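Here is upload.tsv, consisting of TSV, C-alpha atoms:
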chain	number	residue	atom	x	y	z
A	24	MET	CA	-8.85	27.76	22.53
A	25	SER	CA	-9.61	26.94	18.90
A	26	GLN	CA	-5.95	26.09	18.29
A	27	THR	CA	-5.95	23.73	21.27
A	28	ARG	CA	-9.15	22.13	20.06
A	29	GLY	CA	-7.68	21.73	16.58
A	30	ARG	CA	-4.59	19.95	17.92
A	31	TYR	CA	-6.80	17.74	20.10
A	32	ASP	CA	-8.84	16.72	17.05
A	33	PHE	CA	-5.62	16.14	15.13
A	34	CYS	CA	-4.34	13.72	17.79
A	35	ILE	CA	-7.65	11.84	17.86
A	36	GLY	CA	-7.59	11.50	14.10
A	37	LEU	CA	-3.99	10.27	14.22
A	38	VAL	CA	-4.77	7.55	16.79
A	39	LEU	CA	-7.85	6.45	14.86
A	40	ALA	CA	-5.88	6.28	11.60
A	41	MET	CA	-3.19	4.08	13.20
A	42	SER	CA	-5.84	1.79	14.71
A	43	SER	CA	-7.51	1.55	11.33
A	44	SER	CA	-4.24	0.40	9.73
A	45	ILE	CA	-3.88	-2.42	12.26
A	46	PHE	CA	-7.38	-3.75	11.62
A	47	ILE	CA	-7.16	-3.40	7.84
A	48	GLY	CA	-3.70	-5.00	7.68
A	49	GLY	CA	-5.01	-8.01	9.58
A	50	SER	CA	-8.08	-8.22	7.36
A	51	PHE	CA	-5.95	-8.89	4.27
A	52	ILE	CA	-4.47	-11.97	5.95
A	53	LEU	CA	-7.81	-13.33	7.15
A	54	LYS	CA	-9.48	-12.87	3.78
A	55	LYS	CA	-6.54	-14.41	1.93
A	56	LYS	CA	-6.59	-17.42	4.28
A	57	GLY	CA	-10.30	-17.85	3.59
A	58	LEU	CA	-9.81	-17.64	-0.17
A	59	LEU	CA	-6.98	-20.19	-0.02
A	60	ARG	CA	-9.17	-22.61	1.92
A	61	LEU	CA	-11.88	-22.30	-0.73
A	62	ALA	CA	-9.33	-22.91	-3.49
A	63	ARG	CA	-8.23	-26.15	-1.80
A	64	LYS	CA	-11.86	-27.26	-1.62
A	65	GLY	CA	-12.27	-26.72	-5.37
A	66	SER	CA	-14.92	-23.99	-5.11
A	67	MET	CA	-15.28	-21.43	-7.89
A	68	ARG	CA	-12.75	-18.73	-7.18
A	69	ALA	CA	-13.59	-15.07	-6.67
A	70	GLY	CA	-11.32	-14.17	-9.58
A	71	GLN	CA	-13.59	-16.20	-11.85
A	72	GLY	CA	-16.74	-14.49	-10.58
A	73	GLY	CA	-17.60	-16.98	-7.84
A	74	HIS	CA	-19.05	-15.95	-4.47
A	75	ALA	CA	-18.33	-19.08	-2.43
A	76	TYR	CA	-16.30	-16.93	-0.04
A	77	LEU	CA	-19.59	-15.75	1.44
A	78	LYS	CA	-19.83	-19.17	3.15
A	79	GLU	CA	-16.28	-19.04	4.56
A	80	TRP	CA	-16.04	-17.80	8.18
A	81	LEU	CA	-12.42	-16.70	7.79
A	82	TRP	CA	-13.43	-14.40	4.96
A	83	TRP	CA	-16.19	-12.96	7.15
A	84	ALA	CA	-13.69	-12.48	9.99
A	85	GLY	CA	-11.49	-10.55	7.56
A	86	LEU	CA	-14.48	-8.52	6.43
A	87	LEU	CA	-15.39	-7.67	10.04
A	88	SER	CA	-11.78	-6.69	10.72
A	89	MET	CA	-11.79	-4.50	7.64
A	90	GLY	CA	-15.13	-3.07	8.75
A	91	ALA	CA	-13.69	-2.15	12.14
A	92	GLY	CA	-10.72	-0.57	10.39
A	93	GLU	CA	-12.96	1.37	8.04
A	94	VAL	CA	-15.07	2.61	10.96
A	95	ALA	CA	-11.92	3.87	12.66
A	96	ASN	CA	-10.79	5.32	9.36
A	97	PHE	CA	-14.22	6.89	8.90
A	98	ALA	CA	-13.94	8.58	12.28
A	99	ALA	CA	-10.36	9.67	11.58
A	100	TYR	CA	-11.48	11.65	8.53
A	101	ALA	CA	-13.91	13.55	10.74
A	102	PHE	CA	-11.05	14.78	12.94
A	103	ALA	CA	-7.98	15.00	10.70
A	104	PRO	CA	-7.24	16.02	7.10
A	105	ALA	CA	-7.31	13.41	4.34
A	106	THR	CA	-3.72	14.44	3.55
A	107	LEU	CA	-2.71	12.85	6.87
A	108	VAL	CA	-5.15	9.96	7.26
A	109	THR	CA	-4.78	8.33	3.85
A	110	PRO	CA	-0.95	8.05	3.66
A	111	LEU	CA	-0.91	6.46	7.11
A	112	GLY	CA	-2.52	3.49	5.44
A	113	ALA	CA	1.08	2.39	4.84
A	114	LEU	CA	1.00	1.00	8.35
A	115	SER	CA	-1.55	-1.55	7.16
A	116	VAL	CA	1.04	-2.73	4.64
A	117	LEU	CA	3.54	-3.25	7.48
A	118	VAL	CA	0.98	-5.14	9.56
A	119	SER	CA	0.08	-7.27	6.54
A	120	ALA	CA	3.75	-8.05	5.84
A	121	ILE	CA	4.51	-9.01	9.43
A	122	LEU	CA	1.41	-11.19	9.79
A	123	SER	CA	2.07	-12.79	6.40
A	124	SER	CA	5.39	-14.08	7.70
A	125	PHE	CA	3.57	-15.86	10.52
A	126	PHE	CA	0.34	-17.07	8.91
A	127	LEU	CA	1.05	-17.27	5.16
A	128	ASN	CA	4.64	-18.58	5.40
A	129	GLU	CA	6.00	-15.47	3.68
A	130	LYS	CA	9.45	-14.64	5.12
A	131	LEU	CA	10.54	-11.09	5.96
A	132	ASN	CA	14.17	-10.69	4.88
A	133	LEU	CA	16.66	-7.86	5.42
A	134	HIS	CA	15.21	-5.78	2.58
A	135	GLY	CA	11.77	-6.18	4.09
A	136	LYS	CA	12.92	-5.03	7.51
A	137	ILE	CA	14.61	-1.97	6.01
A	138	GLY	CA	11.43	-1.31	4.04
A	139	CYS	CA	9.37	-1.45	7.24
A	140	LEU	CA	11.72	1.04	8.90
A	141	LEU	CA	11.58	3.42	5.94
A	142	SER	CA	7.78	3.23	5.85
A	143	ILE	CA	7.58	4.11	9.54
A	144	LEU	CA	10.03	7.00	9.08
A	145	GLY	CA	8.09	8.25	6.06
A	146	SER	CA	4.82	8.10	7.99
A	147	THR	CA	6.42	10.07	10.82
A	148	VAL	CA	7.61	12.76	8.42
A	149	MET	CA	4.11	13.03	6.94
A	150	VAL	CA	2.57	13.37	10.40
A	151	ILE	CA	4.98	16.19	11.26
A	152	HIS	CA	4.30	18.14	8.07
A	153	ALA	CA	0.57	17.39	7.65
A	154	PRO	CA	-1.91	20.30	7.84
A	155	GLN	CA	-3.10	20.74	11.41
A	156	GLU	CA	-6.52	22.25	10.74
A	157	GLU	CA	-9.46	21.18	8.61
A	158	GLU	CA	-11.02	23.75	6.30
A	159	VAL	CA	-14.51	22.23	5.77
A	160	GLU	CA	-16.58	22.19	8.99
A	161	THR	CA	-20.24	22.26	7.91
A	162	LEU	CA	-22.38	20.29	5.49
A	163	ASN	CA	-23.23	23.43	3.55
A	164	GLU	CA	-19.53	24.05	2.98
A	165	MET	CA	-19.14	20.46	1.86
A	166	SER	CA	-22.03	20.91	-0.59
A	167	HIS	CA	-20.29	23.95	-2.02
A	168	LYS	CA	-17.02	22.03	-2.38
A	169	LEU	CA	-18.69	19.13	-4.17
A	170	GLY	CA	-20.19	21.56	-6.68
A	171	ASP	CA	-16.80	23.01	-7.58
A	172	PRO	CA	-16.15	22.62	-11.35
A	173	GLY	CA	-12.71	21.10	-10.72
A	174	PHE	CA	-14.12	18.32	-8.57
A	175	VAL	CA	-17.03	17.71	-10.95
A	176	VAL	CA	-14.57	17.16	-13.81
A	177	PHE	CA	-12.40	14.90	-11.61
A	178	ALA	CA	-15.37	12.79	-10.45
A	179	THR	CA	-16.67	12.47	-14.03
A	180	LEU	CA	-13.28	11.24	-15.23
A	181	VAL	CA	-13.09	8.73	-12.37
A	182	VAL	CA	-16.51	7.31	-13.23
A	183	ILE	CA	-15.73	7.07	-16.95
A	184	VAL	CA	-12.35	5.39	-16.37
A	185	SER	CA	-13.90	2.95	-13.89
A	186	LEU	CA	-16.69	1.96	-16.27
A	187	ILE	CA	-14.20	1.38	-19.10
A	188	LEU	CA	-12.03	-0.79	-16.85
A	189	ILE	CA	-15.02	-2.76	-15.53
A	190	PHE	CA	-16.84	-3.46	-18.79
A	191	VAL	CA	-14.13	-3.28	-21.47
A	192	VAL	CA	-10.65	-3.89	-20.06
A	193	GLY	CA	-11.54	-6.15	-17.12
A	194	PRO	CA	-13.08	-9.08	-19.04
A	195	ARG	CA	-10.09	-9.16	-21.41
A	196	HIS	CA	-7.07	-8.47	-19.21
A	197	GLY	CA	-8.26	-8.68	-15.59
A	198	GLN	CA	-6.94	-12.22	-15.12
A	199	THR	CA	-3.43	-11.40	-16.33
A	200	ASN	CA	-2.80	-7.72	-15.55
A	201	ILE	CA	-2.70	-6.87	-11.86
A	202	LEU	CA	-3.27	-3.15	-12.48
A	203	VAL	CA	-6.80	-3.58	-13.88
A	204	TYR	CA	-8.68	-4.61	-10.73
A	205	ILE	CA	-6.43	-2.61	-8.40
A	206	THR	CA	-6.94	0.57	-10.43
A	207	ILE	CA	-10.71	0.12	-10.20
A	208	CYS	CA	-10.45	-0.19	-6.39
A	209	SER	CA	-8.12	2.78	-6.12
A	210	VAL	CA	-9.89	5.39	-8.22
A	211	ILE	CA	-13.29	4.46	-6.80
A	212	GLY	CA	-11.66	4.67	-3.37
A	213	ALA	CA	-10.88	8.34	-3.96
A	214	LEU	CA	-14.61	9.04	-4.27
A	215	SER	CA	-15.41	6.89	-1.23
A	216	VAL	CA	-12.97	8.94	0.87
A	217	SER	CA	-14.78	12.10	-0.20
A	218	CYS	CA	-18.09	10.52	0.84
A	219	VAL	CA	-16.60	9.43	4.17
A	220	LYS	CA	-15.31	12.94	4.80
A	221	GLY	CA	-18.72	14.42	4.10
A	222	LEU	CA	-20.51	11.88	6.30
A	223	GLY	CA	-18.02	12.54	9.07
A	224	ILE	CA	-18.94	16.21	8.97
A	225	THR	CA	-22.62	15.19	8.92
A	226	ILE	CA	-22.23	13.10	12.07
A	227	LYS	CA	-20.38	15.88	13.87
A	228	GLU	CA	-23.20	18.31	13.03
A	229	LEU	CA	-25.79	15.70	14.05
A	230	PHE	CA	-24.24	15.43	17.50
A	231	ALA	CA	-24.25	19.22	17.66
A	232	GLY	CA	-28.05	19.14	17.31
A	233	LYS	CA	-28.33	20.41	13.74
A	234	PRO	CA	-31.05	18.96	11.42
A	235	VAL	CA	-28.61	17.46	8.95
A	236	LEU	CA	-30.81	14.40	8.25
A	237	LYS	CA	-33.16	16.67	6.34
A	238	HIS	CA	-30.34	17.72	4.06
A	239	PRO	CA	-30.45	15.66	0.81
A	240	LEU	CA	-26.66	15.66	0.59
A	241	SER	CA	-26.43	13.39	3.66
A	242	TRP	CA	-28.37	10.62	1.93
A	243	ILE	CA	-26.60	11.13	-1.40
A	244	LEU	CA	-23.26	10.72	0.34
A	245	LEU	CA	-24.44	7.59	2.16
A	246	LEU	CA	-25.76	5.96	-1.02
A	247	SER	CA	-22.62	6.87	-2.94
A	248	LEU	CA	-20.46	5.42	-0.17
A	249	ILE	CA	-22.34	2.10	-0.25
A	250	VAL	CA	-21.91	1.81	-4.03
A	251	CYS	CA	-18.21	2.75	-3.92
A	252	VAL	CA	-17.32	0.42	-1.03
A	253	SER	CA	-19.23	-2.50	-2.60
A	254	THR	CA	-17.31	-2.01	-5.84
A	255	GLN	CA	-14.00	-1.81	-3.98
A	256	ILE	CA	-14.65	-5.02	-2.03
A	257	ASN	CA	-15.67	-6.93	-5.14
A	258	TYR	CA	-12.63	-6.06	-7.23
A	259	LEU	CA	-10.18	-6.19	-4.34
A	260	ASN	CA	-11.36	-9.77	-3.71
A	261	ARG	CA	-10.67	-10.62	-7.34
A	262	ALA	CA	-7.19	-9.12	-7.20
A	263	LEU	CA	-6.35	-10.96	-3.97
A	264	ASP	CA	-7.63	-14.24	-5.35
A	265	ILE	CA	-5.61	-14.08	-8.55
A	266	PHE	CA	-2.38	-12.40	-7.48
A	267	ASN	CA	-0.01	-12.63	-4.50
A	268	THR	CA	-0.91	-10.60	-1.41
A	269	SER	CA	2.62	-9.19	-1.23
A	270	ILE	CA	2.12	-7.69	-4.70
A	271	VAL	CA	-1.49	-6.56	-4.37
A	272	THR	CA	-1.08	-4.71	-1.07
A	273	PRO	CA	1.73	-2.26	-1.98
A	274	ILE	CA	0.42	-1.50	-5.46
A	275	TYR	CA	-3.05	-0.89	-4.07
A	276	TYR	CA	-1.61	1.42	-1.41
A	277	VAL	CA	0.41	3.54	-3.86
A	278	ILE	CA	-2.36	3.97	-6.45
A	279	PHE	CA	-5.09	4.46	-3.84
A	280	THR	CA	-3.09	7.02	-1.86
A	281	THR	CA	-2.13	8.93	-5.00
A	282	SER	CA	-5.78	9.03	-6.06
A	283	VAL	CA	-6.92	10.25	-2.64
A	284	LEU	CA	-4.22	12.94	-2.43
A	285	THR	CA	-5.23	14.16	-5.89
A	286	CYS	CA	-8.89	14.19	-4.88
A	287	SER	CA	-8.08	15.98	-1.62
A	288	ALA	CA	-6.04	18.61	-3.44
A	289	ILE	CA	-8.95	19.28	-5.81
A	290	LEU	CA	-11.84	19.06	-3.34
A	291	PHE	CA	-10.55	20.38	0.00
A	292	LYS	CA	-7.60	22.41	-1.32
A	293	GLU	CA	-5.64	21.63	1.84
A	294	TRP	CA	-2.36	22.25	0.01
A	295	GLN	CA	-3.16	25.96	-0.37
A	296	HIS	CA	-2.87	26.42	3.40
A	297	MET	CA	0.45	24.60	3.75
A	298	ALA	CA	3.88	26.23	3.79
A	299	ALA	CA	6.42	25.25	1.14
A	300	ASP	CA	8.54	23.25	3.59
A	301	ASP	CA	5.46	21.32	4.75
A	302	ILE	CA	4.52	20.48	1.16
A	303	ILE	CA	8.07	19.29	0.45
A	304	GLY	CA	8.09	17.33	3.71
A	305	THR	CA	4.77	15.68	2.90
A	306	PHE	CA	5.90	14.59	-0.56
A	307	SER	CA	9.27	13.45	0.81
A	308	GLY	CA	7.53	11.35	3.44
A	309	PHE	CA	5.21	9.85	0.85
A	310	LEU	CA	8.11	8.98	-1.47
A	311	THR	CA	10.00	7.47	1.47
A	312	ILE	CA	6.99	5.27	2.20
A	313	ILE	CA	6.85	4.18	-1.46
A	314	VAL	CA	10.56	3.25	-1.40
A	315	GLY	CA	10.02	1.35	1.84
A	316	ILE	CA	7.09	-0.58	0.41
A	317	PHE	CA	9.11	-1.34	-2.73
A	318	LEU	CA	11.96	-2.78	-0.66
A	319	LEU	CA	9.45	-4.66	1.46
A	320	HIS	CA	7.95	-6.56	-1.45
A	321	ALA	CA	10.23	-6.36	-4.51
A	322	PHE	CA	12.92	-8.52	-2.88
A	323	LYS	CA	10.52	-10.65	-0.89
A	324	ASP	CA	11.69	-13.93	-2.44
A	325	VAL	CA	15.41	-13.14	-1.99
A	326	ASN	CA	16.84	-15.10	0.94
A	327	PHE	CA	19.13	-12.38	2.27
A	328	THR	CA	19.81	-11.68	5.94
A	329	LEU	CA	22.26	-9.61	7.93
A	330	ALA	CA	24.39	-12.72	8.49
A	331	ASN	CA	24.88	-13.05	4.71
A	332	LEU	CA	26.24	-9.51	4.38
A	333	PRO	CA	29.94	-10.20	5.29
A	334	LEU	CA	29.96	-13.24	2.99
A	335	SER	CA	28.60	-11.17	0.11
A	336	LEU	CA	31.23	-8.50	0.73
A	337	ARG	CA	34.00	-11.08	0.65
A	338	LYS	CA	32.72	-12.48	-2.62
A	339	ASP	CA	32.59	-8.99	-4.13
A	340	GLU	CA	36.12	-8.27	-2.94
A	341	ARG	CA	37.46	-11.47	-4.47
A	342	ALA	CA	35.71	-10.74	-7.74
A	343	ALA	CA	37.19	-7.23	-7.79
A	344	ASN	CA	40.76	-8.36	-7.08
A	345	GLY	CA	40.63	-11.07	-9.75
A	346	THR	CA	43.04	-13.98	-10.12
A	347	LEU	CA	46.14	-12.06	-8.94
A	348	LEU	CA	44.99	-12.27	-5.33
A	349	SER	CA	44.07	-15.91	-5.81
A	350	THR	CA	47.56	-16.64	-7.21
A	351	TYR	CA	49.16	-14.89	-4.26
A	352	ASP	CA	47.04	-16.89	-1.83
A	353	CYS	CA	48.03	-20.10	-3.60
A	354	PHE	CA	51.77	-19.50	-3.23
A	355	ASN	CA	51.25	-18.85	0.47
A	356	HIS	CA	49.70	-22.29	0.97
A	357	ASP	CA	52.12	-24.90	-0.38
A	358	GLU	CA	49.93	-27.87	0.39
A	359	GLU	CA	47.17	-26.48	-1.83
A	360	SER	CA	49.36	-24.83	-4.46
A	361	SER	CA	49.06	-27.41	-7.22
A	362	ALA	CA	45.28	-27.68	-6.97
A	363	CYS	CA	44.90	-23.93	-6.74
A	364	LEU	CA	47.18	-23.24	-9.74
A	365	SER	CA	45.22	-25.77	-11.74
A	366	GLU	CA	42.02	-23.94	-10.87
A	367	ILE	CA	43.58	-20.59	-11.86
A	368	GLN	CA	44.73	-21.97	-15.20
A	369	SER	CA	41.28	-23.35	-15.78
A	370	THR	CA	39.75	-19.97	-14.96
A	371	GLU	CA	42.15	-18.14	-17.25
A	372	SER	CA	41.43	-20.59	-20.05
A	373	LEU	CA	37.68	-20.09	-19.67
A	374	SER	CA	38.15	-16.32	-19.64
A	375	ALA	CA	40.23	-16.48	-22.79
A	376	ARG	CA	37.57	-18.52	-24.56
A	377	ARG	CA	34.90	-15.98	-23.57
A	378	ASN	CA	37.10	-13.16	-24.94
A	379	GLY	CA	37.70	-15.02	-28.17
A	380	SER	CA	41.45	-15.43	-27.62
A	381	LEU	CA	43.24	-18.06	-29.74
A	382	SER	CA	45.71	-18.73	-26.95
A	383	ALA	CA	42.98	-20.57	-25.11
A	384	PHE	CA	43.18	-23.31	-27.69

Encoding of this model in structure tokens:
Amino acid sequence: MSQTRGRYDFCIGLVLAMSSSIFIGGSFILKKKGLLRLARKGSMRAGQGGHAYLKEWLWWAGLLSMGAGEVANFAAYAFAPATLVTPLGALSVLVSAILSSFFLNEKLNLHGKIGCLLSILGSTVMVIHAPQEEEVETLNEMSHKLGDPGFVVFATLVVIVSLILIFVVGPRHGQTNILVYITICSVIGALSVSCVKGLGITIKELFAGKPVLKHPLSWILLLSLIVCVSTQINYLNRALDIFNTSIVTPIYYVIFTTSVLTCSAILFKEWQHMAADDIIGTFSGFLTIIVGIFLLHAFKDVNFTLANLPLSLRKDERAANGTLLSTYDCFNHDEESSACLSEIQSTESLSARRNGSLSAF
């Protein structure tokens, strides 16, 4: 019975995580559209510390969409392990890429389509090998986990690094280095996921009739979540305003997911209950997603489609065969032989000059 219940919760968490990705992926587009409209109006940009986006309805629509996604994501953590829920955020990258091609005039080429396919395959592999059961079920257990020395050290390091980036590195390099603001969002996001997980357990116990509202940890988690999410929104807005969405989204996903997996390994120790093949499968799926996201965005500006593939192969074949094949082709077409031979001689002369041969002169 408990095994059936665990699989039922796993499926609910999976559906909620996928729904969350759809809402969050769409939110990036809406918020970017709002920021672009403000830039055309000449308002102070978010990257420069302005808050004019608070008066833009498109930005608010994006925020509501992200809120709906975060609610679904919040609920997903209550039913499924963080090791599963967080990597599935790659689907939000796919949604963002597809919608960008329609609403932000960003084309999806052959590399992008292959990247989408790889990301979906990687997500599937992670779902198959993810842990099926959740270890922490009560708020008291969560309190014990949060007091673990390993997590205390991790959380302290996250706070110190974030403060250094916000007050020292950010004012100097935030406008030019994309990693500054995204790193702040990502490492703070690891703590927010821990808060969400704890609050999810709190809500489940609340529905079970337990007096969890009297537990101080419930309010500490809620306050910490508000601070973390506010920080994430602020610096994610700055990153989106300064840099291209197609660059911000994949980098944010990789750093954020890595931070959350590290936090999950330290706090919930889900990896200790996984078989070796499941651990390998999980990492393989995650790396496949990273490769897919890289292909999706690294070659975004390259105009390459499936129709161009045979042409590219023919060009490579001609380059490999050199001028001998070209000479042979010339002698087989008498009407073009003189022009072709002239071109070959010209090519050979240029090659000789590049090689420093005196015969070219």

With distances taken over all atoms listed in the file, which residue among A:Ile289, A:Val159, A:Leu310, A:Ala40 lies nearest Pro172 in chain A?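 Checking each of A:Ile289, A:Val159, A:Leu310, A:Ala40 against Pro172 in chain A, counting all atoms listed in the file, the winner is A:Ile289.
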
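Non-sequential neighbours of Leu186 in chain A (distance at most 12 Å, separation of 4 or more positions within a chain, only C-alpha atoms) are Thr179, Leu180, Val181, Val182, Phe190, Val191, Val192, Gly193, Pro194, Val203, Tyr204, Thr206, Ile207, Cys208, Val210, Ile211 and Thr254 of chain A.
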
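Closest approach to Ser142 in chain A among A:Val216, A:Ala262, A:Ile224, A:Leu117: A:Leu117, based on only C-alpha atoms.
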
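Checking A:Leu162, A:Ile121, A:Ile265, A:Ile278 one by one against Gly223 in chain A, counting only C-alpha atoms, you find the shortest gap at A:Leu162.
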
Selected residue, from A:Ser44, A:Ser215, A:Asn96, A:Asn260, that lies nearest to Ser287 in chain A when counting all atoms listed in the file: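 Smallest distance to Ser287 in chain A is found for A:Ser215.
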
Could you jot down the CA of Ala113 in chain A to CA of Gly197 in chain A separation for me, Å, one decimal place? 25.0 Å
